[in-house]
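Engineer: The structure under discussion is supplied below as structure tokens; questions concerning it will follow.
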Amino acid sequence: MLNFPQNLAGLFIDGQWHHGPQALTVINPSNEQVLAQVDGADESAVDLAVAAAHRAFAAWSHTPSRQRAAYLRAIADGVEARRERLVQLQACNNGKPLFEAGIDVDDVIGTFNYYAGLAEQLDEQRDTPVPLPTDEFSAQVRREPCGVVGLIVPWNFPMVTTAWKLAPALAAGCCVVLKPSEVTPLAELELAAIIADCGLPPGVFNLVCGTGLAVGAPMAAHKRIAKISFTGSNAVGVQVMQRAAETVKGVSLELGGKSALLVLEDADLDLAVELASGGGYFNAGQMCSATSRVLVAQPLYDEFLQRLKARAEAIVQGDPFEPGTEMGALVNLAQFQRVLGHIDAGITAGATLVTGGARPAALPVGYFVQPTVFTDVPLDSALWNEEIFGPVLCVRAFDSDAQAIELANDSDFGLVASVVSADVQRAGEVANALQAGLVWINAPQVIFPQTAWGGYKQSSLGRELGPWGLQAFQEIKHIVRAC
Ligand code: NAD
């Protein structure tokens, strides 16, 4: 088990560690023990961090992009060198099993290397000619970093959501103020230490731990922050957007989901059950992309349900450090109570509980909730429509592909979807009809830095990853000349 100093400095500003006025208590959700106290900041620390970022911006934004790329590669190498510790920190602080925490760290390495690759070509591709319908003028488009940016991230994939913002922001030439979740700051504090070791110029990267109200809200309103990139809940995303509107700053939002998995009538049932289980129970269901609504073709429905129930009941829950553990605890008491509240409300609304629905009897300590399956979930219930953010799957039968598509699209969200079918063309047609930013066909939720992340409707504003993730941190300037 990892040891920590009792009080961790929670502010990294202008290349220096600082203590802050508040104490954030960080717990281990698997045993409910205190892991560490981390300093939390207030508005004045946000001002200091923003000022440091502005001082660094002129030089960083003019640093040759190949040099910025070299820093990104150094960060990726630093993460790889401390992989074991980062895996353990996430297992402690999030309750993730070691294999899941390892996937997160590898994603972070891949993301920094991917954006290093884009940064290596950035200067050469900076100015692009724009064809005009006349010889009297010529035009070119130039992409420039948008300035000092604020990054606000949640607790479910703390390092991953950070990397998806931080790597493209630094690649683009922006200077950064990062606010981790107050629930899970430990991995980001380690990342900040890695970045400090890479010799990034002071002020280019600043980290300010703290609560949403003390740190996040002042960041969203800050006059000298050009853009906020936020991942979190819809309720807070709306507040961030409202505050950002006061200074007309750019906003990217990655919010919630209520994604569907569609099992067509020619699907391989074993594959369908594995994908439902993975899409619903990975990270204990605390995923914006959780495929929490499972739609199954009527002829397969009974057999599918029976196999999914058996799979859910066989999932090994417990200590994330045990090699056999497949699912860990929820992140904290509030989340544990919230998920159980949703389960109770679903039962009250008339849904049928097939399995799960409570704390496992063998795990009296820690915020564990059993893998849960519901059927007969009313279409107007919160259980069917709202993000639960826990290990809860709602299964429903459908009679035709058209009905499945209609059910899947009948949501305020549109983050991802999955389709299972033996007929690739049919699955492709269904995928084309789904209102979602990413659709997997016969595949688990694999994510590549090359493909965009983000969704339709209330799931997102903008896209992360790929070139779109980089463009989110760039301004566009056209220069038009008389010939
Ligand atoms: P949250 O919205 O409570 O908090 C997210 C971040 O915002 C935290 O750092 C928090 O401190 C900060 N914050 C809170 N109040 C704030 C305010 N008033 N102003 C500015 N910042 C504030 O979300 P959470 O509970 O940490 O994470 C779970 C949510 O994140 C879920 O809804 C999930 O769907 C979403 N999420 C989305 C994606 C995606 O890519 N779409 C990925 C991961 C998580």
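Identifiers for the structure tokens are assigned positionally: chains receive A, B, ... in sequence, residues are indexed from 1 per chain, and ligands are indexed from 1 in the order shown.
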I'd like the neighbourhood of Val377 (chain A) as a ChimeraX atom specification, where a residue qualifies if any of its atoms comes within 8 Å (using only C-alpha atoms), though same-chain residues fewer than 2 positions away should be ignored.
Structural biologist: /A:346,349-352,374-375,379,381,383-384,394-396
Engineer: Store the residues of this selection in a file with all heavy atoms, as a compact mmCIF listing (two decimals), in the first residue's frame.
Structural biologist:
```
# COMPACT_ATOMS: atom_id res chain seq x y z
N GLY A 346 -36.15 3.53 -9.01
CA GLY A 346 -36.52 2.69 -10.14
C GLY A 346 -37.52 1.62 -9.72
O GLY A 346 -38.51 1.36 -10.43
N ALA A 349 -40.78 3.14 -9.21
CA ALA A 349 -41.42 3.51 -10.48
C ALA A 349 -42.00 2.30 -11.21
O ALA A 349 -42.64 2.45 -12.25
CB ALA A 349 -40.41 4.22 -11.38
N GLY A 350 -41.71 1.09 -10.71
CA GLY A 350 -42.32 -0.11 -11.30
C GLY A 350 -41.36 -0.99 -12.06
O GLY A 350 -41.78 -2.00 -12.65
N ALA A 351 -40.05 -0.66 -12.07
CA ALA A 351 -39.09 -1.51 -12.78
C ALA A 351 -38.89 -2.82 -12.01
O ALA A 351 -39.07 -2.87 -10.79
CB ALA A 351 -37.76 -0.77 -12.91
N THR A 352 -38.51 -3.87 -12.77
CA THR A 352 -38.27 -5.19 -12.15
C THR A 352 -36.77 -5.37 -11.94
O THR A 352 -35.99 -5.29 -12.90
CB THR A 352 -38.79 -6.31 -13.07
OG1 THR A 352 -40.17 -6.08 -13.32
CG2 THR A 352 -38.59 -7.68 -12.44
N PHE A 374 -31.92 -4.35 -14.44
CA PHE A 374 -33.37 -4.08 -14.38
C PHE A 374 -34.02 -4.43 -15.71
O PHE A 374 -33.41 -4.27 -16.77
CB PHE A 374 -33.64 -2.59 -14.14
CG PHE A 374 -33.60 -2.15 -12.71
CD1 PHE A 374 -32.52 -1.44 -12.21
CD2 PHE A 374 -34.67 -2.41 -11.87
CE1 PHE A 374 -32.51 -1.00 -10.89
CE2 PHE A 374 -34.67 -1.98 -10.55
CZ PHE A 374 -33.58 -1.27 -10.05
N THR A 375 -35.28 -4.85 -15.64
CA THR A 375 -36.14 -4.91 -16.84
C THR A 375 -37.43 -4.15 -16.53
O THR A 375 -37.62 -3.67 -15.40
CB THR A 375 -36.50 -6.35 -17.23
OG1 THR A 375 -37.10 -6.96 -16.09
CG2 THR A 375 -35.30 -7.14 -17.67
N LEU A 379 -40.56 3.89 -19.59
CA LEU A 379 -39.81 4.79 -20.49
C LEU A 379 -39.77 6.23 -19.98
O LEU A 379 -38.94 7.02 -20.43
CB LEU A 379 -40.42 4.75 -21.90
CG LEU A 379 -40.19 3.45 -22.67
CD1 LEU A 379 -40.88 3.49 -24.02
CD2 LEU A 379 -38.71 3.18 -22.85
N SER A 381 -39.38 6.94 -16.75
CA SER A 381 -38.77 6.96 -15.40
C SER A 381 -37.37 7.57 -15.44
O SER A 381 -36.71 7.59 -16.48
CB SER A 381 -38.68 5.54 -14.84
OG SER A 381 -37.78 4.77 -15.64
N LEU A 383 -34.86 6.24 -14.04
CA LEU A 383 -33.94 5.12 -14.26
C LEU A 383 -33.63 4.94 -15.75
O LEU A 383 -32.51 4.64 -16.12
CB LEU A 383 -34.55 3.84 -13.68
CG LEU A 383 -33.65 2.61 -13.56
CD1 LEU A 383 -32.45 2.88 -12.69
CD2 LEU A 383 -34.44 1.42 -13.01
N TRP A 384 -34.64 5.13 -16.59
CA TRP A 384 -34.44 4.95 -18.03
C TRP A 384 -33.81 6.18 -18.67
O TRP A 384 -33.07 6.08 -19.66
CB TRP A 384 -35.79 4.65 -18.71
CG TRP A 384 -35.64 4.34 -20.17
CD1 TRP A 384 -35.89 5.17 -21.22
CD2 TRP A 384 -35.18 3.11 -20.75
NE1 TRP A 384 -35.61 4.55 -22.41
CE2 TRP A 384 -35.18 3.27 -22.15
CE3 TRP A 384 -34.78 1.88 -20.20
CZ2 TRP A 384 -34.78 2.25 -23.03
CZ3 TRP A 384 -34.38 0.86 -21.07
CH2 TRP A 384 -34.38 1.05 -22.46
N CYS A 394 -30.28 -1.30 -17.70
CA CYS A 394 -31.72 -1.45 -17.95
C CYS A 394 -31.88 -2.18 -19.29
O CYS A 394 -31.40 -1.69 -20.31
CB CYS A 394 -32.39 -0.09 -18.04
SG CYS A 394 -32.18 0.90 -16.56
N VAL A 395 -32.52 -3.33 -19.27
CA VAL A 395 -32.64 -4.16 -20.48
C VAL A 395 -34.08 -4.12 -20.99
O VAL A 395 -35.02 -4.21 -20.20
CB VAL A 395 -32.23 -5.62 -20.18
CG1 VAL A 395 -32.19 -6.44 -21.47
CG2 VAL A 395 -30.87 -5.67 -19.49
N ARG A 396 -34.21 -4.00 -22.31
CA ARG A 396 -35.54 -3.89 -22.91
C ARG A 396 -35.54 -4.60 -24.26
O ARG A 396 -34.56 -4.55 -24.99
CB ARG A 396 -35.83 -2.39 -23.11
CG ARG A 396 -37.22 -2.09 -23.54
CD ARG A 396 -37.46 -0.59 -23.64
NE ARG A 396 -38.87 -0.40 -23.77
CZ ARG A 396 -39.70 -0.25 -22.76
NH1 ARG A 396 -39.25 -0.20 -21.53
NH2 ARG A 396 -40.99 -0.12 -22.96
```
Engineer: For region 154-162 of chain A, please output as a PyMOL selection string all residues within 7 Å (counting only C-alpha atoms; exclusion window: fewer than 5 positions along the same chain).
Structural biologist: chain A and resi 104+107-108+180-181+183-184+187-188+231-232+286-287
Engineer: With all heavy atoms retained, write the just-selected residues as an mmCIF file, in the first residue's frame.
Structural biologist:
```cif
data_model
loop_
_atom_site.group_PDB
_atom_site.id
_atom_site.type_symbol
_atom_site.label_atom_id
_atom_site.label_comp_id
_atom_site.auth_asym_id
_atom_site.auth_seq_id
_atom_site.Cartn_x
_atom_site.Cartn_y
_atom_site.Cartn_z
ATOM 1 N N ASP A 104 -5.988 3.147 -17.967
ATOM 2 C CA ASP A 104 -5.998 4.616 -17.880
ATOM 3 C C ASP A 104 -4.594 5.186 -18.123
ATOM 4 O O ASP A 104 -4.418 6.133 -18.895
ATOM 5 C CB ASP A 104 -6.452 5.076 -16.488
ATOM 6 C CG ASP A 104 -7.958 4.969 -16.302
ATOM 7 O OD1 ASP A 104 -8.612 4.312 -17.138
ATOM 8 O OD2 ASP A 104 -8.472 5.522 -15.309
ATOM 9 N N ASP A 107 -3.507 4.942 -21.626
ATOM 10 C CA ASP A 107 -4.213 5.937 -22.447
ATOM 11 C C ASP A 107 -3.520 7.296 -22.340
ATOM 12 O O ASP A 107 -3.357 8.011 -23.336
ATOM 13 C CB ASP A 107 -5.675 6.020 -21.971
ATOM 14 C CG ASP A 107 -6.509 6.958 -22.825
ATOM 15 O OD1 ASP A 107 -6.119 8.134 -22.951
ATOM 16 O OD2 ASP A 107 -7.545 6.537 -23.350
ATOM 17 N N VAL A 108 -3.104 7.645 -21.132
ATOM 18 C CA VAL A 108 -2.432 8.935 -20.925
ATOM 19 C C VAL A 108 -1.134 8.983 -21.739
ATOM 20 O O VAL A 108 -0.857 9.972 -22.439
ATOM 21 C CB VAL A 108 -2.144 9.159 -19.420
ATOM 22 C CG1 VAL A 108 -1.268 10.390 -19.211
ATOM 23 C CG2 VAL A 108 -3.456 9.279 -18.647
ATOM 24 N N PRO A 180 -8.016 19.650 -10.822
ATOM 25 C CA PRO A 180 -8.492 18.269 -10.706
ATOM 26 C C PRO A 180 -9.749 18.220 -9.852
ATOM 27 O O PRO A 180 -10.109 19.198 -9.188
ATOM 28 C CB PRO A 180 -7.354 17.546 -9.978
ATOM 29 C CG PRO A 180 -6.275 18.539 -9.755
ATOM 30 C CD PRO A 180 -6.833 19.903 -9.999
ATOM 31 N N SER A 181 -10.403 17.067 -9.840
ATOM 32 C CA SER A 181 -11.520 16.879 -8.915
ATOM 33 C C SER A 181 -10.982 16.859 -7.484
ATOM 34 O O SER A 181 -9.946 16.247 -7.212
ATOM 35 C CB SER A 181 -12.224 15.561 -9.211
ATOM 36 O OG SER A 181 -13.080 15.232 -8.140
ATOM 37 N N VAL A 183 -12.160 15.184 -5.281
ATOM 38 C CA VAL A 183 -12.339 13.811 -4.790
ATOM 39 C C VAL A 183 -11.107 12.951 -5.119
ATOM 40 O O VAL A 183 -10.725 12.078 -4.339
ATOM 41 C CB VAL A 183 -13.611 13.189 -5.427
ATOM 42 C CG1 VAL A 183 -13.845 11.765 -4.939
ATOM 43 C CG2 VAL A 183 -14.829 14.062 -5.143
ATOM 44 N N THR A 184 -10.484 13.203 -6.263
ATOM 45 C CA THR A 184 -9.380 12.334 -6.724
ATOM 46 C C THR A 184 -8.182 13.142 -7.222
ATOM 47 O O THR A 184 -7.800 13.017 -8.395
ATOM 48 C CB THR A 184 -9.864 11.444 -7.891
ATOM 49 O OG1 THR A 184 -10.409 12.326 -8.905
ATOM 50 C CG2 THR A 184 -10.900 10.443 -7.470
ATOM 51 N N ALA A 187 -3.625 11.387 -8.470
ATOM 52 C CA ALA A 187 -2.936 11.055 -9.726
ATOM 53 C C ALA A 187 -2.457 12.325 -10.428
ATOM 54 O O ALA A 187 -1.354 12.366 -10.983
ATOM 55 C CB ALA A 187 -3.858 10.256 -10.641
ATOM 56 N N GLU A 188 -3.281 13.381 -10.385
ATOM 57 C CA GLU A 188 -2.865 14.630 -11.048
ATOM 58 C C GLU A 188 -1.698 15.298 -10.306
ATOM 59 O O GLU A 188 -0.866 15.946 -10.929
ATOM 60 C CB GLU A 188 -4.025 15.607 -11.162
ATOM 61 C CG GLU A 188 -4.806 15.448 -12.447
ATOM 62 C CD GLU A 188 -6.075 14.674 -12.240
ATOM 63 O OE1 GLU A 188 -6.156 13.988 -11.198
ATOM 64 O OE2 GLU A 188 -6.969 14.741 -13.097
ATOM 65 N N THR A 231 -14.960 18.807 -18.179
ATOM 66 C CA THR A 231 -15.611 17.493 -18.211
ATOM 67 C C THR A 231 -16.251 17.274 -16.854
ATOM 68 O O THR A 231 -15.609 17.454 -15.813
ATOM 69 C CB THR A 231 -14.599 16.369 -18.496
ATOM 70 O OG1 THR A 231 -14.019 16.608 -19.779
ATOM 71 C CG2 THR A 231 -15.283 15.012 -18.522
ATOM 72 N N GLY A 232 -17.516 16.900 -16.858
ATOM 73 C CA GLY A 232 -18.216 16.677 -15.594
ATOM 74 C C GLY A 232 -19.707 16.523 -15.826
ATOM 75 O O GLY A 232 -20.146 16.150 -16.917
ATOM 76 N N GLN A 286 -19.217 3.921 -13.564
ATOM 77 C CA GLN A 286 -19.032 5.384 -13.431
ATOM 78 C C GLN A 286 -18.369 5.918 -14.708
ATOM 79 O O GLN A 286 -17.225 6.363 -14.699
ATOM 80 C CB GLN A 286 -18.193 5.684 -12.194
ATOM 81 C CG GLN A 286 -18.831 5.157 -10.918
ATOM 82 C CD GLN A 286 -17.859 5.147 -9.756
ATOM 83 O OE1 GLN A 286 -18.041 5.856 -8.794
ATOM 84 N NE2 GLN A 286 -16.816 4.351 -9.833
ATOM 85 N N MET A 287 -19.106 5.821 -15.773
ATOM 86 C CA MET A 287 -18.597 6.217 -17.088
ATOM 87 C C MET A 287 -19.663 7.053 -17.770
ATOM 88 O O MET A 287 -20.828 6.631 -17.844
ATOM 89 C CB MET A 287 -18.359 4.991 -17.970
ATOM 90 C CG MET A 287 -17.260 4.080 -17.486
ATOM 91 S SD MET A 287 -16.738 3.014 -18.842
ATOM 92 C CE MET A 287 -18.179 1.982 -19.076
#
```
Engineer: Taking only C-alpha atoms and all ligand atoms into account, name the residue in A:Ala431, A:Ala361, A:Ile315, A:Leu207 that is nearest to ligand 1.
Structural biologist: A:Leu207
Engineer: Distance table requested - chain A against ligand 1, cut-off 8 Å, only C-alpha atoms and all ligand atoms: one row per qualifying residue with the closest atom pair and its distance in Å to one decimal, ordered by chain and rising residue number, as a tab-separated table.
Structural biologist:
```
residue	atom	partner	partner_atom_place_in_ligand_line	distance
A:Ile152	CA	ligand 1	9 (O)	5.2
A:Val153	CA	ligand 1	9 (O)	4.6
A:Pro154	CA	ligand 1	26 (O)	3.4
A:Trp155	CA	ligand 1	26 (O)	4.7
A:Asn156	CA	ligand 1	43 (C)	6.0
A:Phe157	CA	ligand 1	43 (C)	6.3
A:Thr161	CA	ligand 1	42 (C)	6.6
A:Lys179	CA	ligand 1	9 (O)	6.0
A:Pro180	CA	ligand 1	9 (O)	5.1
A:Ser181	CA	ligand 1	9 (O)	3.6
A:Glu182	CA	ligand 1	11 (O)	5.7
A:Val183	CA	ligand 1	26 (O)	7.6
A:Gly210	CA	ligand 1	11 (O)	6.9
A:Thr211	CA	ligand 1	11 (O)	4.8
A:Gly212	CA	ligand 1	13 (N)	3.4
A:Leu213	CA	ligand 1	18 (N)	5.0
A:Val215	CA	ligand 1	21 (N)	7.0
A:Gly216	CA	ligand 1	20 (C)	3.5
A:Ala217	CA	ligand 1	19 (N)	3.6
A:Pro218	CA	ligand 1	19 (N)	7.4
A:Met219	CA	ligand 1	20 (C)	7.0
A:Ala220	CA	ligand 1	20 (C)	6.1
A:Phe230	CA	ligand 1	7 (O)	7.1
A:Thr231	CA	ligand 1	37 (C)	5.2
A:Gly232	CA	ligand 1	30 (O)	3.0
A:Ser233	CA	ligand 1	32 (O)	3.3
A:Asn234	CA	ligand 1	32 (O)	6.0
A:Ala235	CA	ligand 1	2 (O)	6.6
A:Val236	CA	ligand 1	2 (O)	4.6
A:Gly237	CA	ligand 1	2 (O)	6.4
A:Gln239	CA	ligand 1	18 (N)	5.9
A:Val240	CA	ligand 1	19 (N)	5.3
A:Leu253	CA	ligand 1	41 (N)	7.4
A:Glu254	CA	ligand 1	41 (N)	3.7
A:Leu255	CA	ligand 1	41 (N)	4.0
A:Gly256	CA	ligand 1	34 (O)	3.3
A:Gly257	CA	ligand 1	34 (O)	5.8
A:Gln286	CA	ligand 1	33 (C)	7.4
A:Met287	CA	ligand 1	43 (C)	6.1
A:Cys288	CA	ligand 1	34 (O)	3.6
A:Ser289	CA	ligand 1	41 (N)	7.1
A:Glu387	CA	ligand 1	32 (O)	7.0
A:Phe389	CA	ligand 1	31 (C)	6.7
A:Leu415	CA	ligand 1	41 (N)	6.9
A:Trp453	CA	ligand 1	40 (O)	6.9
A:Gly454	CA	ligand 1	41 (N)	6.1
A:Gly455	CA	ligand 1	41 (N)	7.5
A:Ser459	CA	ligand 1	41 (N)	6.0
A:Ser460	CA	ligand 1	41 (N)	6.3
```
Engineer: Choose the residue, out of A:Val141, A:Leu186, A:Leu11, A:Ile476, that has the smallest atom-to-atom separation from Val87 (chain A); count only C-alpha atoms.
Structural biologist: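 Closest to Val87 (chain A) of all the choices is A:Leu186.
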